[in-house]
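File shown: structure.cif (mmCIF, C-alpha atoms).
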data_structure
loop_
_atom_site.label_atom_id
_atom_site.label_comp_id
_atom_site.auth_asym_id
_atom_site.auth_seq_id
_atom_site.Cartn_x
_atom_site.Cartn_y
_atom_site.Cartn_z
CA MET A 1 63.27 -92.62 27.39
CA VAL A 2 61.39 -93.67 30.51
CA MET A 3 57.81 -94.58 29.70
CA LYS A 4 55.03 -93.79 32.09
CA GLY A 5 52.49 -96.55 32.44
CA TYR A 6 48.84 -96.30 33.41
CA THR A 7 47.23 -99.30 35.01
CA ALA A 8 43.53 -100.02 35.30
CA VAL A 9 41.03 -102.81 35.30
CA SER A 10 38.78 -103.08 32.25
CA ALA A 11 34.99 -103.54 32.43
CA ASP A 12 35.41 -107.33 32.08
CA GLY A 13 37.88 -107.50 34.96
CA GLU A 14 41.09 -107.67 32.93
CA ALA A 15 44.20 -105.83 34.12
CA ILE A 16 45.36 -103.15 31.66
CA LEU A 17 48.73 -101.48 31.31
CA TYR A 18 48.86 -98.58 28.89
CA GLU A 19 51.90 -96.60 27.83
CA ASP A 20 51.49 -93.47 25.72
CA ARG A 21 54.11 -93.84 23.00
CA LYS A 22 53.61 -90.24 21.98
CA ARG A 23 54.05 -88.90 25.52
CA TRP A 24 57.40 -87.20 25.05
CA LEU A 25 56.79 -86.35 21.41
CA TRP A 26 54.00 -84.01 22.55
CA ALA A 27 56.74 -81.77 23.94
CA LEU A 28 57.53 -80.86 20.32
CA SER A 29 54.49 -78.55 20.63
CA LEU A 30 56.85 -76.15 22.33
CA LEU A 31 58.94 -75.80 19.17
CA TYR A 32 56.32 -75.10 16.50
CA PRO A 33 55.44 -71.56 17.65
CA LEU A 34 59.11 -70.63 17.46
CA GLN A 35 59.52 -71.42 13.75
CA PRO A 36 59.41 -67.79 12.55
CA LEU A 37 62.18 -67.00 15.05
CA LEU A 38 64.31 -69.81 13.66
CA GLY A 39 63.86 -68.32 10.19
CA ILE A 40 64.85 -64.89 11.54
CA TRP A 41 67.94 -66.34 13.19
CA LEU A 42 69.00 -68.01 9.93
CA HIS A 43 68.38 -64.74 8.07
CA TYR A 44 70.53 -62.97 10.66
CA LEU A 45 73.33 -65.52 10.26
CA THR A 46 73.35 -65.71 6.46
CA GLY A 47 71.79 -62.44 5.28
CA VAL A 48 69.56 -64.52 2.97
CA GLU A 49 65.99 -63.22 3.24
CA ALA A 50 64.51 -66.45 1.90
CA TRP A 51 65.20 -68.06 5.30
CA LEU A 52 62.38 -65.96 6.70
CA LEU A 53 59.99 -68.20 4.76
CA LEU A 54 61.20 -71.31 6.59
CA PRO A 55 57.80 -71.99 8.25
CA LEU A 56 56.24 -72.21 4.76
CA LEU A 57 58.63 -75.05 4.09
CA THR A 58 57.96 -76.82 7.38
CA GLY A 59 54.19 -76.35 7.05
CA TYR A 60 53.56 -77.14 3.42
CA LEU A 61 56.41 -79.43 2.43
CA ILE A 62 57.95 -81.05 5.48
CA ALA A 63 54.65 -81.68 7.29
CA PRO A 64 52.94 -83.52 4.38
CA LEU A 65 56.20 -85.35 3.73
CA MET A 66 56.55 -86.40 7.36
CA ASP A 67 52.95 -87.63 7.32
CA TRP A 68 53.75 -89.68 4.25
CA VAL A 69 56.99 -91.07 5.70
CA LEU A 70 55.88 -91.67 9.30
CA GLY A 71 52.37 -92.73 8.35
CA GLU A 72 49.54 -93.37 10.74
CA ASP A 73 49.28 -94.14 14.39
CA GLN A 74 46.21 -96.04 15.54
CA ASN A 75 47.39 -96.43 19.10
CA ASN A 76 44.49 -95.81 21.49
CA PRO A 77 44.24 -95.40 25.23
CA PRO A 78 41.81 -98.01 26.57
CA ASP A 79 38.63 -96.51 28.03
CA ALA A 80 39.62 -97.57 31.53
CA VAL A 81 42.73 -95.34 31.61
CA VAL A 82 41.23 -92.25 29.98
CA ILE A 83 40.45 -90.62 33.31
CA GLN A 84 44.02 -91.13 34.57
CA LEU A 85 45.45 -89.89 31.31
CA ASP A 86 43.20 -86.81 31.39
CA ARG A 87 44.37 -86.05 34.91
CA ASP A 88 48.09 -86.33 34.11
CA ARG A 89 49.20 -82.71 34.44
CA TYR A 90 52.19 -83.09 32.11
CA TYR A 91 50.00 -82.88 29.01
CA ARG A 92 48.09 -79.80 30.02
CA ILE A 93 51.20 -77.97 31.17
CA LEU A 94 52.51 -78.18 27.60
CA THR A 95 49.40 -76.34 26.39
CA TYR A 96 49.98 -73.67 29.04
CA ILE A 97 53.61 -73.07 28.05
CA VAL A 98 52.69 -72.75 24.38
CA VAL A 99 50.59 -69.65 25.17
CA PRO A 100 53.45 -67.22 25.95
CA LEU A 101 55.47 -68.71 23.09
CA HIS A 102 52.89 -67.41 20.63
CA PHE A 103 53.30 -63.92 22.05
CA ILE A 104 57.08 -64.22 21.81
CA ALA A 105 56.83 -65.38 18.18
CA LEU A 106 54.63 -62.47 17.11
CA ILE A 107 56.57 -59.84 19.03
CA GLY A 108 59.91 -61.22 17.77
CA ALA A 109 58.76 -61.30 14.16
CA ALA A 110 57.22 -57.81 14.42
CA TRP A 111 60.48 -56.53 15.88
CA TRP A 112 62.45 -57.99 12.97
CA ALA A 113 59.94 -56.69 10.41
CA GLY A 114 59.96 -53.24 11.97
CA THR A 115 63.67 -52.79 12.59
CA GLN A 116 65.36 -54.44 9.58
CA GLU A 117 65.55 -53.10 6.05
CA LEU A 118 63.60 -55.96 4.51
CA SER A 119 62.52 -56.05 0.89
CA ALA A 120 58.76 -55.78 0.36
CA TRP A 121 58.35 -59.50 -0.42
CA ALA A 122 60.33 -60.48 2.67
CA LEU A 123 58.12 -58.27 4.83
CA VAL A 124 55.00 -59.82 3.30
CA GLY A 125 56.50 -63.30 3.63
CA LEU A 126 57.41 -62.81 7.27
CA ALA A 127 53.89 -61.54 8.01
CA ILE A 128 52.37 -64.60 6.33
CA VAL A 129 54.55 -67.18 8.09
CA THR A 130 54.00 -65.50 11.44
CA GLY A 131 50.26 -65.61 10.72
CA LEU A 132 50.42 -69.31 9.87
CA THR A 133 52.20 -69.86 13.18
CA SER A 134 49.58 -67.86 15.08
CA GLY A 135 47.04 -70.13 13.37
CA LEU A 136 48.53 -72.86 15.55
CA GLY A 137 47.76 -70.51 18.45
CA ILE A 138 44.08 -70.79 17.49
CA ASN A 139 44.53 -74.56 17.75
CA THR A 140 45.98 -74.15 21.25
CA GLY A 141 43.09 -71.82 22.12
CA HIS A 142 40.76 -74.53 20.85
CA GLU A 143 42.25 -77.16 23.17
CA LEU A 144 42.18 -74.80 26.17
CA GLY A 145 38.80 -73.22 25.44
CA HIS A 146 37.06 -76.59 25.65
CA LYS A 147 38.01 -77.11 29.28
CA LYS A 148 35.89 -76.38 32.34
CA SER A 149 38.51 -74.64 34.45
CA ARG A 150 38.47 -70.89 34.56
CA PHE A 151 42.26 -70.84 34.28
CA GLU A 152 42.30 -72.73 31.00
CA ARG A 153 39.45 -70.69 29.56
CA THR A 154 41.32 -67.51 30.48
CA LEU A 155 44.43 -68.86 28.74
CA ALA A 156 42.27 -69.56 25.68
CA LYS A 157 41.12 -65.94 25.61
CA ILE A 158 44.73 -64.80 26.00
CA VAL A 159 46.23 -66.92 23.24
CA LEU A 160 43.35 -66.11 20.88
CA ALA A 161 44.24 -62.44 21.32
CA VAL A 162 47.45 -63.01 19.32
CA PRO A 163 45.65 -63.60 15.99
CA ALA A 164 42.72 -61.27 16.92
CA TYR A 165 40.26 -64.18 17.08
CA GLY A 166 38.89 -63.84 20.60
CA HIS A 167 35.37 -64.82 19.59
CA PHE A 168 36.53 -68.26 18.44
CA TRP A 169 36.15 -70.32 21.60
CA ILE A 170 32.58 -69.12 22.17
CA GLU A 171 31.66 -69.60 18.55
CA HIS A 172 33.30 -73.00 18.40
CA ASN A 173 32.14 -74.48 21.71
CA ARG A 174 28.62 -73.13 21.79
CA GLY A 175 27.91 -72.69 18.08
CA HIS A 176 29.91 -75.06 15.91
CA HIS A 177 29.61 -78.08 18.24
CA ARG A 178 25.85 -77.57 18.44
CA ASP A 179 25.27 -77.01 14.71
CA VAL A 180 28.10 -79.09 13.18
CA SER A 181 27.45 -80.84 9.86
CA THR A 182 24.20 -78.98 9.20
CA PRO A 183 23.50 -76.42 6.47
CA GLU A 184 23.05 -73.84 9.25
CA ASP A 185 26.66 -74.14 10.44
CA PRO A 186 28.95 -71.51 8.89
CA ALA A 187 31.91 -73.60 10.06
CA SER A 188 30.92 -76.80 8.20
CA ALA A 189 31.76 -76.87 4.48
CA ARG A 190 29.24 -78.05 1.89
CA MET A 191 29.82 -80.34 -1.05
CA GLY A 192 30.60 -78.25 -4.12
CA GLU A 193 31.68 -75.27 -2.01
CA SER A 194 35.26 -74.20 -2.68
CA ILE A 195 37.43 -73.19 0.26
CA TYR A 196 37.45 -69.61 -1.03
CA ARG A 197 33.66 -69.35 -1.09
CA PHE A 198 33.57 -71.14 2.27
CA ALA A 199 35.89 -68.51 3.79
CA THR A 200 33.47 -65.73 2.85
CA ARG A 201 30.68 -67.58 4.64
CA GLU A 202 32.67 -68.97 7.55
CA ILE A 203 34.65 -65.95 8.76
CA PRO A 204 31.74 -63.45 9.07
CA GLY A 205 29.19 -66.16 9.93
CA ALA A 206 31.25 -67.48 12.82
CA PHE A 207 31.75 -64.00 14.21
CA ARG A 208 28.04 -63.18 14.02
CA ARG A 209 27.14 -66.45 15.74
CA ALA A 210 29.66 -65.85 18.55
CA TRP A 211 28.38 -62.33 19.06
CA ALA A 212 24.74 -63.49 19.15
CA ILE A 213 25.56 -66.22 21.70
CA GLU A 214 27.46 -63.82 23.96
CA LYS A 215 24.79 -61.13 23.60
CA GLU A 216 22.12 -63.59 24.65
CA ARG A 217 24.15 -64.59 27.73
CA LEU A 218 24.72 -60.97 28.72
CA THR A 219 21.04 -60.13 28.21
CA ARG A 220 20.12 -62.95 30.61
CA ARG A 221 22.59 -61.43 33.06
CA GLU A 222 20.95 -58.02 32.53
CA LYS A 223 24.25 -56.57 31.34
CA PRO A 224 24.84 -54.46 28.24
CA THR A 225 26.45 -56.25 25.28
CA TRP A 226 29.23 -53.67 25.21
CA SER A 227 30.54 -54.29 28.70
CA THR A 228 33.70 -55.58 30.36
CA ASP A 229 31.83 -58.84 31.00
CA ASN A 230 31.69 -59.51 27.26
CA GLN A 231 34.20 -62.36 26.85
CA ILE A 232 34.77 -61.56 23.18
CA LEU A 233 35.63 -57.95 24.01
CA GLN A 234 37.95 -59.08 26.81
CA SER A 235 40.11 -61.01 24.36
CA MET A 236 39.87 -58.30 21.71
CA ALA A 237 40.96 -55.65 24.21
CA LEU A 238 44.15 -57.64 24.71
CA THR A 239 44.58 -57.81 20.91
CA LEU A 240 44.17 -54.05 20.73
CA ILE A 241 46.80 -53.47 23.42
CA LEU A 242 49.24 -55.94 21.86
CA GLN A 243 48.90 -54.84 18.26
CA CYS A 244 48.74 -51.09 19.03
CA THR A 245 51.91 -51.44 21.10
CA LEU A 246 53.65 -53.10 18.15
CA LEU A 247 52.43 -50.26 15.92
CA LEU A 248 53.80 -47.64 18.32
CA LEU A 249 57.12 -49.44 18.71
CA PHE A 250 57.80 -50.44 15.11
CA GLY A 251 55.92 -47.90 13.01
CA TRP A 252 53.73 -47.94 9.91
CA LYS A 253 55.14 -51.25 8.59
CA MET A 254 53.11 -52.91 11.32
CA ILE A 255 49.85 -52.02 9.55
CA PRO A 256 50.32 -54.35 6.55
CA PHE A 257 52.31 -56.77 8.72
CA LEU A 258 49.59 -57.23 11.32
CA LEU A 259 46.73 -57.25 8.80
CA LEU A 260 48.42 -60.03 6.82
CA HIS A 261 49.39 -61.83 10.01
CA ASN A 262 45.82 -61.85 11.30
CA ALA A 263 44.33 -62.84 7.94
CA PHE A 264 46.68 -65.81 7.52
CA ALA A 265 46.08 -67.01 11.07
CA TRP A 266 42.34 -66.97 10.37
CA TRP A 267 43.01 -68.74 7.07
CA GLN A 268 44.61 -71.62 8.98
CA LEU A 269 41.43 -72.07 10.99
CA THR A 270 39.30 -71.73 7.86
CA SER A 271 41.38 -74.48 6.27
CA ALA A 272 40.86 -76.78 9.25
CA ASN A 273 37.13 -76.08 9.39
CA TYR A 274 36.85 -76.65 5.64
CA VAL A 275 38.28 -80.16 5.71
CA GLU A 276 36.80 -81.32 9.01
CA HIS A 277 33.16 -81.76 7.95
CA TYR A 278 33.12 -81.31 4.17
CA GLY A 279 29.75 -82.40 2.79
CA LEU A 280 28.74 -84.36 5.90
CA LEU A 281 25.13 -83.99 7.03
CA ARG A 282 23.19 -84.87 10.16
CA ARG A 283 19.64 -86.12 9.58
CA LYS A 284 16.61 -84.25 10.89
CA ASP A 285 14.10 -86.21 12.93
CA GLU A 286 10.30 -85.89 12.66
CA ASN A 287 10.35 -82.97 15.15
CA GLY A 288 12.77 -81.02 12.97
CA ARG A 289 15.71 -81.59 15.32
CA TYR A 290 19.00 -82.81 14.04
CA GLU A 291 20.23 -86.21 15.13
CA ARG A 292 23.08 -86.15 17.65
CA CYS A 293 26.49 -85.65 16.03
CA GLN A 294 27.77 -89.15 15.15
CA PRO A 295 31.32 -90.34 14.49
CA HIS A 296 30.58 -90.34 10.75
CA HIS A 297 29.93 -86.58 10.83
CA SER A 298 33.65 -85.67 10.90
CA TRP A 299 36.61 -86.37 8.65
CA ASN A 300 39.61 -87.84 10.45
CA SER A 301 43.28 -88.46 10.01
CA ASN A 302 45.58 -90.62 12.07
CA HIS A 303 48.78 -89.28 10.59
CA ILE A 304 51.20 -89.09 13.43
CA TYR A 305 53.22 -85.99 12.55
CA SER A 306 50.33 -83.60 11.85
CA ASN A 307 48.48 -84.95 14.89
CA LEU A 308 51.49 -84.04 17.03
CA VAL A 309 51.51 -80.52 15.58
CA LEU A 310 47.76 -80.10 16.14
CA PHE A 311 47.16 -81.66 19.57
CA HIS A 312 45.29 -84.63 18.01
CA LEU A 313 42.75 -82.31 16.37
CA GLN A 314 42.56 -84.74 13.48
CA ARG A 315 40.97 -87.38 15.69
CA HIS A 316 37.99 -85.23 15.09
CA SER A 317 35.10 -87.66 15.50
CA ASP A 318 36.09 -88.45 19.07
CA HIS A 319 36.54 -84.73 19.71
CA HIS A 320 32.95 -84.06 18.63
CA ALA A 321 31.67 -87.03 20.62
CA HIS A 322 33.50 -85.84 23.75
CA PRO A 323 34.36 -82.14 23.34
CA LEU A 324 35.97 -81.83 26.78
CA ARG A 325 38.24 -84.84 26.40
CA ARG A 326 41.90 -83.81 26.55
CA TYR A 327 44.03 -84.19 23.45
CA GLN A 328 46.19 -87.03 24.78
CA SER A 329 43.07 -89.17 25.31
CA LEU A 330 41.38 -88.70 21.93
CA ARG A 331 40.78 -92.00 20.23
CA HIS A 332 40.89 -93.49 16.80
CA PHE A 333 38.02 -95.65 15.57
CA ASP A 334 37.83 -97.91 12.54
CA ASP A 335 35.55 -97.14 9.60
CA LEU A 336 35.35 -93.38 10.09
CA PRO A 337 35.37 -90.86 7.25
CA THR A 338 39.08 -90.53 6.58
CA LEU A 339 41.04 -87.82 4.81
CA PRO A 340 43.66 -88.89 2.27
CA SER A 341 46.45 -87.28 4.33
CA GLY A 342 47.06 -85.18 7.43
CA TYR A 343 45.61 -81.68 7.49
CA PHE A 344 48.67 -79.93 6.03
CA GLY A 345 48.65 -82.17 2.97
CA VAL A 346 44.90 -81.91 2.43
CA TYR A 347 45.00 -78.13 2.83
CA LEU A 348 47.18 -78.04 -0.29
CA ILE A 349 44.56 -80.09 -2.11
CA ALA A 350 41.76 -77.83 -0.81
CA TYR A 351 43.52 -74.74 -2.18
CA VAL A 352 43.02 -76.17 -5.69
CA PRO A 353 39.21 -76.56 -5.75
CA TRP A 354 38.87 -78.76 -8.87
CA LEU A 355 41.42 -81.17 -7.41
CA TRP A 356 39.68 -81.16 -4.02
CA PHE A 357 36.27 -81.92 -5.59
CA ARG A 358 37.80 -84.64 -7.72
CA ILE A 359 39.39 -86.38 -4.74
CA MET A 360 36.87 -85.69 -1.99
CA ASP A 361 33.48 -85.85 -3.72
CA PRO A 362 33.78 -89.55 -4.67
CA ARG A 363 35.23 -90.23 -1.19
CA LEU A 364 32.23 -88.50 0.41
CA LEU A 365 29.69 -90.36 -1.73
CA ALA A 366 31.38 -93.69 -1.02
CA LEU A 367 30.96 -93.37 2.76
CA PRO A 368 28.94 -96.31 4.15
CA HIS A 369 26.20 -94.06 5.53
CA VAL A 370 25.90 -92.12 2.25
CA ARG A 371 26.34 -94.75 -0.50
CA GLY A 372 25.78 -92.21 -3.23
CA ASP A 373 22.55 -90.88 -1.70
CA LEU A 374 22.77 -87.12 -2.24
CA ASP A 375 19.94 -86.54 0.25
CA LYS A 376 22.46 -87.53 2.91
CA VAL A 377 25.00 -84.90 1.86
CA ASN A 378 25.30 -81.23 2.85
CA ILE A 379 25.29 -79.66 -0.64
CA GLU A 380 26.06 -76.08 -1.60
CA PRO A 381 22.65 -74.79 -2.81
CA GLY A 382 24.10 -73.00 -5.85
CA GLN A 383 25.80 -76.24 -6.97
CA ARG A 384 22.91 -78.58 -6.24
CA SER A 385 21.57 -79.04 -9.79
CA LYS A 386 25.09 -79.48 -11.17
CA ILE A 387 25.97 -82.06 -8.52
CA LEU A 388 22.67 -83.92 -8.92
CA GLU A 389 23.25 -84.09 -12.65
CA LYS A 390 26.80 -85.35 -12.20
CA TYR A 391 26.26 -87.86 -9.42
CA ALA A 392 22.55 -88.81 -9.47
CA SER A 393 23.34 -92.03 -11.31
CA THR A 394 25.55 -93.25 -8.44
CA ALA A 395 22.63 -93.06 -5.97
CA SER A 396 21.16 -96.41 -6.91
CA ALA A 397 24.55 -98.14 -6.99
CA MET B 1 15.20 -77.90 44.59
CA SER B 2 16.89 -80.44 42.32
CA VAL B 3 20.16 -80.91 40.51
CA PHE B 4 20.27 -81.84 36.82
CA GLN B 5 23.37 -83.24 35.21
CA CYS B 6 24.73 -83.38 31.67
CA PRO B 7 25.25 -87.05 30.80
CA GLU B 8 28.19 -86.24 28.52
CA CYS B 9 30.43 -83.93 30.51
CA GLY B 10 29.02 -83.95 34.03
CA TYR B 11 28.01 -80.26 34.10
CA ARG B 12 25.56 -79.81 36.98
CA PHE B 13 22.67 -77.37 37.05
CA ASP B 14 21.74 -76.91 40.69
CA GLU B 15 18.40 -75.11 40.88
CA GLU B 16 19.33 -73.67 44.25
CA VAL B 17 22.52 -72.07 42.91
CA GLY B 18 21.47 -71.43 39.31
CA ASP B 19 24.32 -70.51 36.98
CA THR B 20 25.07 -66.84 37.33
CA HIS B 21 27.78 -66.87 34.67
CA GLU B 22 25.18 -68.05 32.19
CA GLY B 23 22.59 -65.64 33.54
CA TYR B 24 20.37 -68.11 35.41
CA LYS B 25 19.63 -66.76 38.86
CA PRO B 26 19.69 -68.89 42.04
CA GLY B 27 16.31 -70.57 42.37
CA THR B 28 15.82 -71.01 38.60
CA LYS B 29 13.81 -74.16 38.00
CA PHE B 30 15.35 -76.45 35.40
CA HIS B 31 12.04 -76.79 33.54
CA THR B 32 11.90 -73.01 33.05
CA LEU B 33 15.17 -73.00 31.08
CA PRO B 34 14.73 -72.27 27.36
CA ASP B 35 13.69 -75.28 25.23
CA ASP B 36 16.87 -75.00 23.19
CA PHE B 37 19.07 -74.95 26.31
CA ALA B 38 22.38 -76.65 25.49
CA CYS B 39 24.89 -77.78 28.10
CA PRO B 40 27.01 -74.66 28.80
CA ASP B 41 30.20 -76.77 28.96
CA CYS B 42 29.99 -79.26 26.08
CA ALA B 43 26.99 -77.97 24.04
CA VAL B 44 26.39 -81.46 22.64
CA ARG B 45 23.66 -82.44 25.09
CA PHE B 46 20.40 -80.54 25.43
CA LYS B 47 17.74 -79.86 28.02
CA GLU B 48 15.89 -83.11 27.28
CA ASP B 49 19.10 -85.13 27.68
CA PHE B 50 19.84 -83.92 31.21
CA VAL B 51 19.24 -86.35 34.05
CA GLU B 52 18.18 -85.53 37.57
CA ALA B 53 21.09 -86.25 39.90
#
This structure in structure tokens:
Amino acid sequence: MVMKGYTAVSADGEAILYEDRKRWLWALSLLYPLQPLLGIWLHYLTGVEAWLLLPLLTGYLIAPLMDWVLGEDQNNPPDAVVIQLDRDRYYRILTYIVVPLHFIALIGAAWWAGTQELSAWALVGLAIVTGLTSGLGINTGHELGHKKSRFERTLAKIVLAVPAYGHFWIEHNRGHHRDVSTPEDPASARMGESIYRFATREIPGAFRRAWAIEKERLTRREKPTWSTDNQILQSMALTLILQCTLLLLFGWKMIPFLLLHNAFAWWQLTSANYVEHYGLLRRKDENGRYERCQPHHSWNSNHIYSNLVLFHLQRHSDHHAHPLRRYQSLRHFDDLPTLPSGYFGVYLIAYVPWLWFRIMDPRLLALPHVRGDLDKVNIEPGQRSKILEKYASTASA
Amino acid sequence: MSVFQCPECGYRFDEEVGDTHEGYKPGTKFHTLPDDFACPDCAVRFKEDFVEA
């Protein structure tokens, strides 16, 4: 494969040549949204309904396995080429093409669910795997929603309409990035908080925050909250059109299908949010303001496969340091809080809370900026006394 | 009339133009923005971080 090189001169006058070894692998992004359709095709060919669950296999078995086999990639673009790399249109075009693919995946799966005589479990299974796939659509919306251009922000609103999560890019950009790793952030998990409890705080909390932010903006513009200028309602209107059309075309089965689909797409985001900042806490200064988000306020993973699936989302510290930086330019740094595996593997751990606490709590307390000091950890208030009792002795270590 | 810039992402608040999308009318002085004003593009730099361009 022909490599594309970027040349620049570093700050100390040295000539740099950088080649992105993952350049062509990023094109795999175009395949992931189509997984439910591959399952449907195999079901069509063989008549075996279990094929419909194929994306469960690729998400929860193949992805962690690939992370384990392929391992990590610490390859970084040098600072001097980041601007060139950001400007290379190839990378962003991939994110644009992914958008219609998410519509095709949902419509295709809904068509199959609505027109075939599927058993109840197969219908439920197809709804879940399509939802997990649309969860990747939230990830694409995340990448696009962070950009300045109106075109990319519009695409974010469009792709977020698939899983009915149009408020996400406002909530994430203007809320989560501002409040990350503080007790006030509904999208940052606390030590001792299980993912299930977190979901009940995160899903409604994030929506309320997005709505408040958008309401404030519209008030400044002297517009009513319920207006066509409301960016959350714009995306949700598209959801309404899309999902009502599916209901009209394919009948009552679409009600459980779409509800499950939406819930499991949201669950994917909840899973990502849960692992990204678990227990991490920004300090408050003497004026009561939180310190700026530092690299040690995010958990990271350099696992190559899951990073390819998620547009480098796992290089999360650099994302929080530079929220507008494009995925291809996100960088790895040494000595950051690091997850034991890529996201898909750690999600499985997170779904078993006792196992998650057992693996992650010692990892959290061992971080160089924490060193067992529980005052430097974002702790679930209801678990505080239990955690203090369990770990207080490590503080002086 | 002055222009203030976000040091992280380069967002520019031009007092002459304001930012109508955000609801700040043309002629809005930067110092009259709310104290908790965060950069509308990156939200990781705040009013006190902005530099006059």
Resolved residues for the PyMOL selection byres ((chain B) within 6 of (chain A)) as a list in words: Glu22, Gly23, Cys42, Ala43 and Val44 of chain B
Explicit residue set for the PyMOL selection byres ((chain B and resi 46) around 10), as a count of residues only: 18
10 Å contact set for Arg21 of chain A, all atoms listed in the file, chain neighbours under 4 positions out, as a ChimeraX atom specification: /A:3-5,25-26,73,75-76
Distance in Å - atom CA of Pro163 of chain A versus atom CA of Gly47 of chain A: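 One can read the atom CA of Pro163 of chain A to atom CA of Gly47 of chain A distance as 28.3 Å.
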As AutoDock Vina command-line options: centre and edge lengths in Å, one decimal, of the axis-aligned box holding segment 40-53 of chain A with 4 Å per side:
--center_x 66.7 --center_y -65.3 --center_z 7.5 --size_x 21.4 --size_y 13.8 --size_z 19.3
Result set, the PyMOL selection byres ((chain A and resi 338) around 9) on current file, as a PyMOL selection string: chain A and resi 298-302+335-337+339-341+363
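Counting only C-alpha atoms and comparing B:His31, B:Asp19, B:Asp14, B:Lys25, the residue that lies closest to Ser2 of chain B is B:Asp14.
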Interatomic distance, atom CA of Arg87 of chain A to atom CA of Arg326 of chain A (Å, one decimal): 9.0 Å
Gap from atom CA of Glu171 of chain A to atom CA of Lys157 of chain A - Å, one decimal: 12.4 Å
Within 12 Å of file point (15.1, -74.7, 44.3), counting all atoms listed in the file, expressed as a list in words: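 Every residue inside that radius is included here: Met1, Ser2, Val3, Phe4, Phe13, Asp14, Glu15, Glu16, Val17, Gly18, Lys25, Pro26, Gly27, Thr28, Lys29, Phe30, His31 and Thr32 of chain B.
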Write out, as a PDB file, in the coordinates of the input, the residues just selected, with C-alpha atoms.
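Heads up, here's the output in again-v6.pdb:
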ATOM      1  CA  MET B   1      15.200 -77.900  44.590  1.00  0.00           C
ATOM      2  CA  SER B   2      16.890 -80.440  42.320  1.00  0.00           C
ATOM      3  CA  VAL B   3      20.160 -80.910  40.510  1.00  0.00           C
ATOM      4  CA  PHE B   4      20.270 -81.840  36.820  1.00  0.00           C
ATOM      5  CA  PHE B  13      22.670 -77.370  37.050  1.00  0.00           C
ATOM      6  CA  ASP B  14      21.740 -76.910  40.690  1.00  0.00           C
ATOM      7  CA  GLU B  15      18.400 -75.110  40.880  1.00  0.00           C
ATOM      8  CA  GLU B  16      19.330 -73.670  44.250  1.00  0.00           C
ATOM      9  CA  VAL B  17      22.520 -72.070  42.910  1.00  0.00           C
ATOM     10  CA  GLY B  18      21.470 -71.430  39.310  1.00  0.00           C
ATOM     11  CA  LYS B  25      19.630 -66.760  38.860  1.00  0.00           C
ATOM     12  CA  PRO B  26      19.690 -68.890  42.040  1.00  0.00           C
ATOM     13  CA  GLY B  27      16.310 -70.570  42.370  1.00  0.00           C
ATOM     14  CA  THR B  28      15.820 -71.010  38.600  1.00  0.00           C
ATOM     15  CA  LYS B  29      13.810 -74.160  38.000  1.00  0.00           C
ATOM     16  CA  PHE B  30      15.350 -76.450  35.400  1.00  0.00           C
ATOM     17  CA  HIS B  31      12.040 -76.790  33.540  1.00  0.00           C
ATOM     18  CA  THR B  32      11.900 -73.010  33.050  1.00  0.00           C
TER      19      THR B  32
END
Residue with smallest distance to Asp41 of chain B - pool A:Arg190, A:Arg209, A:Arg89, A:Arg150, counting all atoms listed in the file: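 Using all atoms listed in the file, Asp41 of chain B sits closest to A:Arg150.
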